[in-house]
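What follows is the content of query_2.txt (compact mmCIF, C-alpha atoms).
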```
# COMPACT_ATOMS: atom_id res chain seq x y z
CA MET A 1 13.21 22.56 5.78
CA ALA A 2 11.96 21.33 2.43
CA ARG A 3 10.29 18.01 1.85
CA LYS A 4 11.62 16.17 -1.23
CA ARG A 5 10.55 12.93 -2.88
CA PHE A 6 13.09 10.16 -2.61
CA ILE A 7 11.23 7.37 -4.44
CA ILE A 8 7.78 6.44 -5.75
CA GLU A 9 6.95 2.73 -5.76
CA MET A 10 3.90 1.21 -7.46
CA GLY A 11 2.15 -2.08 -6.81
CA MET A 12 -0.92 -4.21 -7.37
CA GLY A 13 -2.72 -6.56 -4.99
CA VAL A 14 -5.60 -9.00 -5.38
CA ASP A 15 -8.00 -10.65 -2.97
CA GLN A 16 -9.30 -13.63 -4.94
CA HIS A 17 -11.45 -15.04 -2.14
CA GLY A 18 -13.16 -13.34 0.77
CA GLN A 19 -13.97 -10.02 -0.87
CA GLU A 20 -11.79 -8.00 1.54
CA PRO A 21 -10.63 -4.66 0.10
CA THR A 22 -8.19 -4.31 3.01
CA VAL A 23 -6.45 -7.53 1.93
CA ALA A 24 -6.17 -6.32 -1.68
CA ALA A 25 -4.91 -2.90 -0.54
CA ALA A 26 -2.31 -4.36 1.83
CA ARG A 27 -1.08 -6.72 -0.89
CA ALA A 28 -0.74 -3.79 -3.30
CA VAL A 29 1.39 -1.89 -0.80
CA ARG A 30 3.48 -4.98 -0.04
CA ASN A 31 3.98 -5.49 -3.79
CA ALA A 32 5.08 -1.86 -4.18
CA ILE A 33 7.83 -2.14 -1.57
CA ALA A 34 8.78 -5.79 -2.03
CA HIS A 35 11.86 -5.37 -4.22
CA ASN A 36 13.44 -2.22 -2.81
CA ALA A 37 16.27 -1.61 -0.42
CA LEU A 38 16.33 2.08 0.39
CA THR A 39 19.99 2.24 1.37
CA GLY A 40 20.18 5.70 -0.16
CA ILE A 41 17.76 7.00 2.46
CA MET A 42 20.72 6.96 4.86
CA GLU A 43 23.76 6.93 2.57
CA VAL A 44 22.60 9.69 0.21
CA ALA A 45 19.80 11.54 2.00
CA GLY A 46 21.62 11.37 5.33
CA LEU A 47 18.83 10.09 7.58
CA THR A 48 20.08 8.41 10.73
CA ASP A 49 16.75 6.78 11.65
CA PRO A 50 14.52 5.15 9.01
CA ASN A 51 11.48 6.25 11.00
CA ASP A 52 12.33 9.84 10.03
CA MET A 53 11.30 9.24 6.42
CA ILE A 54 7.81 10.34 5.45
CA VAL A 55 5.80 7.65 3.68
CA GLU A 56 2.59 8.60 1.89
CA VAL A 57 0.49 5.75 0.55
CA GLN A 58 -2.28 6.17 -2.00
CA VAL A 59 -4.48 3.16 -2.75
CA ALA A 60 -7.32 2.79 -5.24
CA VAL A 61 -9.59 -0.16 -4.48
CA PRO A 62 -13.22 -1.21 -4.85
CA TYR A 63 -15.25 -0.51 -1.70
CA PRO A 64 -12.71 1.96 -0.23
CA GLU A 65 -14.96 2.71 2.74
CA GLN A 66 -14.32 -0.84 4.01
CA VAL A 67 -10.51 -0.52 4.11
CA ARG A 68 -9.00 -0.79 7.58
CA GLU A 69 -6.23 1.81 7.55
CA ALA A 70 -4.07 0.40 10.33
CA GLU A 71 -3.80 -3.01 8.62
CA VAL A 72 -2.64 -1.48 5.35
CA LEU A 73 -0.07 0.80 7.00
CA ALA A 74 1.23 -2.11 9.12
CA VAL A 75 2.80 -3.49 5.94
CA LEU A 76 5.33 -0.64 6.02
CA PRO A 77 8.24 -1.35 8.38
CA PHE A 78 9.38 2.26 8.93
CA GLY A 79 8.44 5.89 8.55
CA GLN A 80 5.86 8.48 9.41
CA LYS A 81 2.99 6.87 7.51
CA THR A 82 -0.23 8.23 6.02
CA LEU A 83 -2.83 6.55 3.83
CA THR A 84 -5.24 7.95 1.28
CA VAL A 85 -7.82 5.49 -0.02
CA GLU A 86 -9.96 6.19 -3.05
CA TYR A 87 -12.37 4.32 -5.26
CA GLY A 88 -10.67 2.49 -8.08
CA GLY A 89 -9.00 -0.76 -8.89
CA MET A 90 -11.17 -3.43 -10.40
CA VAL A 91 -13.76 -6.07 -9.63
CA VAL A 92 -13.45 -9.26 -11.67
CA ASN A 93 -15.88 -12.16 -11.55
CA GLY A 94 -14.09 -15.25 -10.31
CA LEU A 95 -15.26 -18.39 -8.61
CA ALA A 96 -17.12 -18.40 -5.29
CA ILE A 97 -15.88 -21.17 -3.01
CA PRO A 98 -17.85 -21.33 0.25
CA SER A 99 -15.06 -23.08 2.17
CA LEU A 100 -12.86 -20.03 1.48
CA ASN A 101 -15.46 -17.71 3.06
CA ASP A 102 -16.52 -16.21 -0.27
CA LYS A 103 -19.61 -14.02 -0.04
CA ASN A 104 -19.86 -13.91 -3.85
CA ASP A 105 -17.64 -14.47 -6.90
CA GLU A 106 -15.90 -11.07 -6.85
CA MET A 107 -12.12 -10.81 -6.98
CA LEU A 108 -10.92 -7.38 -5.80
CA ILE A 109 -7.90 -5.73 -7.38
CA ALA A 110 -6.16 -2.73 -5.79
CA VAL A 111 -3.37 -0.48 -7.03
CA ALA A 112 -1.02 1.47 -4.78
CA ALA A 113 1.58 4.20 -5.01
CA VAL A 114 3.99 4.55 -2.10
CA THR A 115 5.94 7.81 -2.03
CA VAL A 116 8.88 8.26 0.34
CA PHE A 117 9.90 11.82 1.23
CA VAL A 118 12.87 13.17 3.16
CA GLU A 119 13.24 16.53 4.89
CA THR A 120 16.20 18.49 3.57
CA ALA A 121 17.85 21.66 4.80
```
Using the file provided, produce a representation of the structure as structure tokens.
Amino acid sequence: MARKRFIIEMGMGVDQHGQEPTVAAARAVRNAIAHNALTGIMEVAGLTDPNDMIVEVQVAVPYPEQVREAEVLAVLPFGQKTLTVEYGGMVVNGLAIPSLNDKNDEMLIAVAAVTVFVETA
């Protein structure tokens, strides 16, 4: 069987307060998939179970070593999921508000690419 790309979705996510790269990464993935209905995964590609699709997520975010993989992948409702996290994104100086649990004034910006593959005969 050959693995073929069905769709590549891109997104951006920001954590303005709290300095949590996992939050920014999860928001980037959610943004990437937010406006898609993959009806073709069944109607065109012929899958009978959406969990049979292969979903590879790549995220670039500041402080990638702090990203909690399970929380980012939990954003995806279906599929055989994998995550690759690398250094990237952006740090922007914002406003530190202690009541919002800010450790400093950093806003973390992440970018994500979500690629869905199907196995074909």
Identify, on the basis of all atoms listed in the file, every residue whose closest approach to A:Glu20 does not exceed 12 Å; exclude the query and any residue fewer than 4 positions from it along the same chain; express the result as a PDB file with C-alpha atoms, keeping the file's coordinate frame.
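The new file around_38.pdb reads:
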```pdb
ATOM      1  CA  GLY A  13      -2.720  -6.560  -4.990  1.00  0.00           C
ATOM      2  CA  VAL A  14      -5.600  -9.000  -5.380  1.00  0.00           C
ATOM      3  CA  ASP A  15      -8.000 -10.650  -2.970  1.00  0.00           C
ATOM      4  CA  GLN A  16      -9.300 -13.630  -4.940  1.00  0.00           C
ATOM      5  CA  ALA A  24      -6.170  -6.320  -1.680  1.00  0.00           C
ATOM      6  CA  ALA A  25      -4.910  -2.900  -0.540  1.00  0.00           C
ATOM      7  CA  ALA A  26      -2.310  -4.360   1.830  1.00  0.00           C
ATOM      8  CA  ARG A  27      -1.080  -6.720  -0.890  1.00  0.00           C
ATOM      9  CA  VAL A  61      -9.590  -0.160  -4.480  1.00  0.00           C
ATOM     10  CA  PRO A  62     -13.220  -1.210  -4.850  1.00  0.00           C
ATOM     11  CA  TYR A  63     -15.250  -0.510  -1.700  1.00  0.00           C
ATOM     12  CA  PRO A  64     -12.710   1.960  -0.230  1.00  0.00           C
ATOM     13  CA  GLU A  65     -14.960   2.710   2.740  1.00  0.00           C
ATOM     14  CA  GLN A  66     -14.320  -0.840   4.010  1.00  0.00           C
ATOM     15  CA  VAL A  67     -10.510  -0.520   4.110  1.00  0.00           C
ATOM     16  CA  ARG A  68      -9.000  -0.790   7.580  1.00  0.00           C
ATOM     17  CA  GLU A  71      -3.800  -3.010   8.620  1.00  0.00           C
ATOM     18  CA  VAL A  72      -2.640  -1.480   5.350  1.00  0.00           C
ATOM     19  CA  VAL A  91     -13.760  -6.070  -9.630  1.00  0.00           C
ATOM     20  CA  ASN A 101     -15.460 -17.710   3.060  1.00  0.00           C
ATOM     21  CA  ASP A 102     -16.520 -16.210  -0.270  1.00  0.00           C
ATOM     22  CA  LYS A 103     -19.610 -14.020  -0.040  1.00  0.00           C
ATOM     23  CA  ASN A 104     -19.860 -13.910  -3.850  1.00  0.00           C
ATOM     24  CA  GLU A 106     -15.900 -11.070  -6.850  1.00  0.00           C
ATOM     25  CA  MET A 107     -12.120 -10.810  -6.980  1.00  0.00           C
ATOM     26  CA  LEU A 108     -10.920  -7.380  -5.800  1.00  0.00           C
ATOM     27  CA  ILE A 109      -7.900  -5.730  -7.380  1.00  0.00           C
ATOM     28  CA  ALA A 110      -6.160  -2.730  -5.790  1.00  0.00           C
TER      29      ALA A 110
END
```
- prompt: Restricting the calculation to all atoms listed in the file, which member of A:Ala70, A:Thr48, A:Arg5, A:Met10 is positioned closest to A:Val23?
  reply: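 Of the candidates, the smallest distance to A:Val23 is held by A:Ala70.
Between atom CA of A:Lys4 and atom CA of A:Val111 the interatomic distance comes to 23.1 Å.
Using all atoms listed in the file, the shortest contact distance between A:Ile97 and any of A:Val75, A:Gly18, A:Gln80, A:Val29 is found at A:Gly18.
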(message) Could you list, as a ChimeraX atom specification, every residue within 6 Å of stretch 55-57 of chain A, counting all atoms listed in the file and ignoring same-chain residues fewer than 5 positions away?
(response) /A:79-83,113-116
In terms of only C-alpha atoms, the residue from A:Ala74, A:Val59, A:Leu100, A:Ile41 at minimal distance from A:Tyr87 is A:Val59
inquiry  = Please list as number ranges by chain every residue within 9 Å of A:Ala2, counting only C-alpha atoms and excluding residues in the same chain fewer than 6 positions away.
reply    = A: 118-121
Quick one: axis-aligned box around all listed atoms of stretch 101-108 of chain A, 8 Å on every side, centre and edge lengths in Å to one decimal, written as JSON.
```
{"center_x": -15.4, "center_y": -12.5, "center_z": -2.0, "size_x": 24.9, "size_y": 26.3, "size_z": 26.0}
```
Computed gap from atom CA of A:Leu73 to atom CA of A:Arg30 is 9.8 Å
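Considering only C-alpha atoms, the residue among A:Leu95, A:Phe117, A:Ala37, A:Met90 positioned nearest to A:His17 is A:Leu95.
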- Quote the spacing between atom CA of A:Ala34 and atom CA of A:Leu76 in Å to one decimal place.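 We find that atom CA of A:Ala34 and atom CA of A:Leu76 lie 10.2 Å from each other.
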